[in-house]
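J.: If you scroll down you'll find the structure; I have some questions about it.
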Amino acid sequence: MNSIGHTIKTSREMLKMTQQELAQKVRVGTHTIEKYESGEQIPSTQTIMKLSTVLDIPASELLKYNQVQTTSTSTEHI
C-alpha cells in the first residue's frame, strides 16, 4: 500500500466510514476507493480535494504523496 492509500484508508477507518460511504460522499465508485487504498490508482487533484474535505484532513497531506508519485514516475522514464 502506498502512502496516499494508507492515509485514505486510515482516515476513513478513524471516522468509522465504509468504503461505500466514502465513495458516495466523494462521488466515485467503491471500486475506485479500493484502488486508491491499495495503491493501484492515484486520485486526481480534484478528487484529493474532495477526499480532504470528507476525511477532514489537509489536502496537503494527500497532495504531497501525489507529487512524490508524479516525480518518481517522471524520473523513471528518463
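By order of appearance in the C-alpha cells: chains A, B, ..., then residues from 1 within every chain, and ligands from 1 in the order shown.
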What lies within 10 Å of A:Glu21 using only C-alpha atoms, ignoring chain neighbours under 5 positions off, as a list in words?

T.: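 Counting only the stated atoms, we get Arg12, Lys16, Val26, Arg27 and Thr30 of chain A.
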
J.: Using C-alpha atoms, can you export the residues from the last selection as a PDB file, in the first residue's frame?

T.:
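Final file, part04.pdb:
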ATOM      1  CA  ARG A  12     -11.625   6.581   6.658  1.00  0.00           C
ATOM      2  CA  LYS A  16     -15.735   4.578  11.095  1.00  0.00           C
ATOM      3  CA  VAL A  26     -16.648  11.746  -2.889  1.00  0.00           C
ATOM      4  CA  ARG A  27     -18.862  10.732  -5.827  1.00  0.00           C
ATOM      5  CA  THR A  30     -16.479   1.842  -4.388  1.00  0.00           C
TER       6      THR A  30
END

J.: Find the residues near A:Thr18: any atom within 12 Å, counting only C-alpha atoms, skip ones fewer than 5 places away on the same chain, and give them as a CSV table (one decimal) with N, CA and C atoms, in the first residue's frame.

T.:
chain,number,residue,atom,x,y,z
A,8,ILE,N,-5.6,7.5,3.2
A,8,ILE,CA,-7.0,7.5,2.9
A,8,ILE,C,-7.7,6.4,3.8
A,9,LYS,N,-7.1,5.2,3.8
A,9,LYS,CA,-7.7,4.1,4.5
A,9,LYS,C,-7.7,4.4,6.0
A,10,THR,N,-6.6,4.8,6.5
A,10,THR,CA,-6.5,5.1,8.0
A,10,THR,C,-7.5,6.2,8.4
A,11,SER,N,-7.6,7.3,7.6
A,11,SER,CA,-8.5,8.4,7.9
A,11,SER,C,-9.9,7.9,7.8
A,12,ARG,N,-10.3,7.1,6.8
A,12,ARG,CA,-11.6,6.6,6.7
A,12,ARG,C,-12.0,5.7,7.8
A,13,GLU,N,-11.1,4.8,8.2
A,13,GLU,CA,-11.4,3.9,9.4
A,13,GLU,C,-11.5,4.7,10.7
A,23,ALA,N,-17.1,6.5,-0.9
A,23,ALA,CA,-17.3,6.6,-2.3
A,23,ALA,C,-18.5,7.5,-2.7
A,24,GLN,N,-19.6,7.3,-1.9
A,24,GLN,CA,-20.8,8.1,-2.2
A,24,GLN,C,-20.5,9.6,-1.9
A,25,LYS,N,-19.8,9.9,-0.8
A,25,LYS,CA,-19.5,11.3,-0.4
A,25,LYS,C,-18.6,12.0,-1.4
A,30,THR,N,-17.1,2.6,-5.5
A,30,THR,CA,-16.5,1.8,-4.4
A,30,THR,C,-15.2,1.2,-4.9
A,33,ILE,N,-12.3,3.6,-4.8
A,33,ILE,CA,-11.8,3.8,-3.4
A,33,ILE,C,-10.9,2.6,-3.1
A,34,GLU,N,-11.3,1.4,-3.4
A,34,GLU,CA,-10.5,0.2,-3.2
A,34,GLU,C,-9.1,0.4,-3.9
A,55,LEU,N,-12.7,13.5,4.6
A,55,LEU,CA,-12.0,12.9,5.6
A,55,LEU,C,-11.4,13.8,6.7

J.: Could you tell me which of A:Asp56, A:Leu63, A:Gly5, A:Leu51 comes closest to A:Val28 if we count only C-alpha atoms?

T.: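 Comparing A:Asp56, A:Leu63, A:Gly5, A:Leu51 against A:Val28, the winner is A:Leu51.
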
J.: Which of these, A:His6, A:Lys64, A:Ser52, A:Pro58, has the shortest distance to A:Lys35 once you count only C-alpha atoms?

T.: A:His6
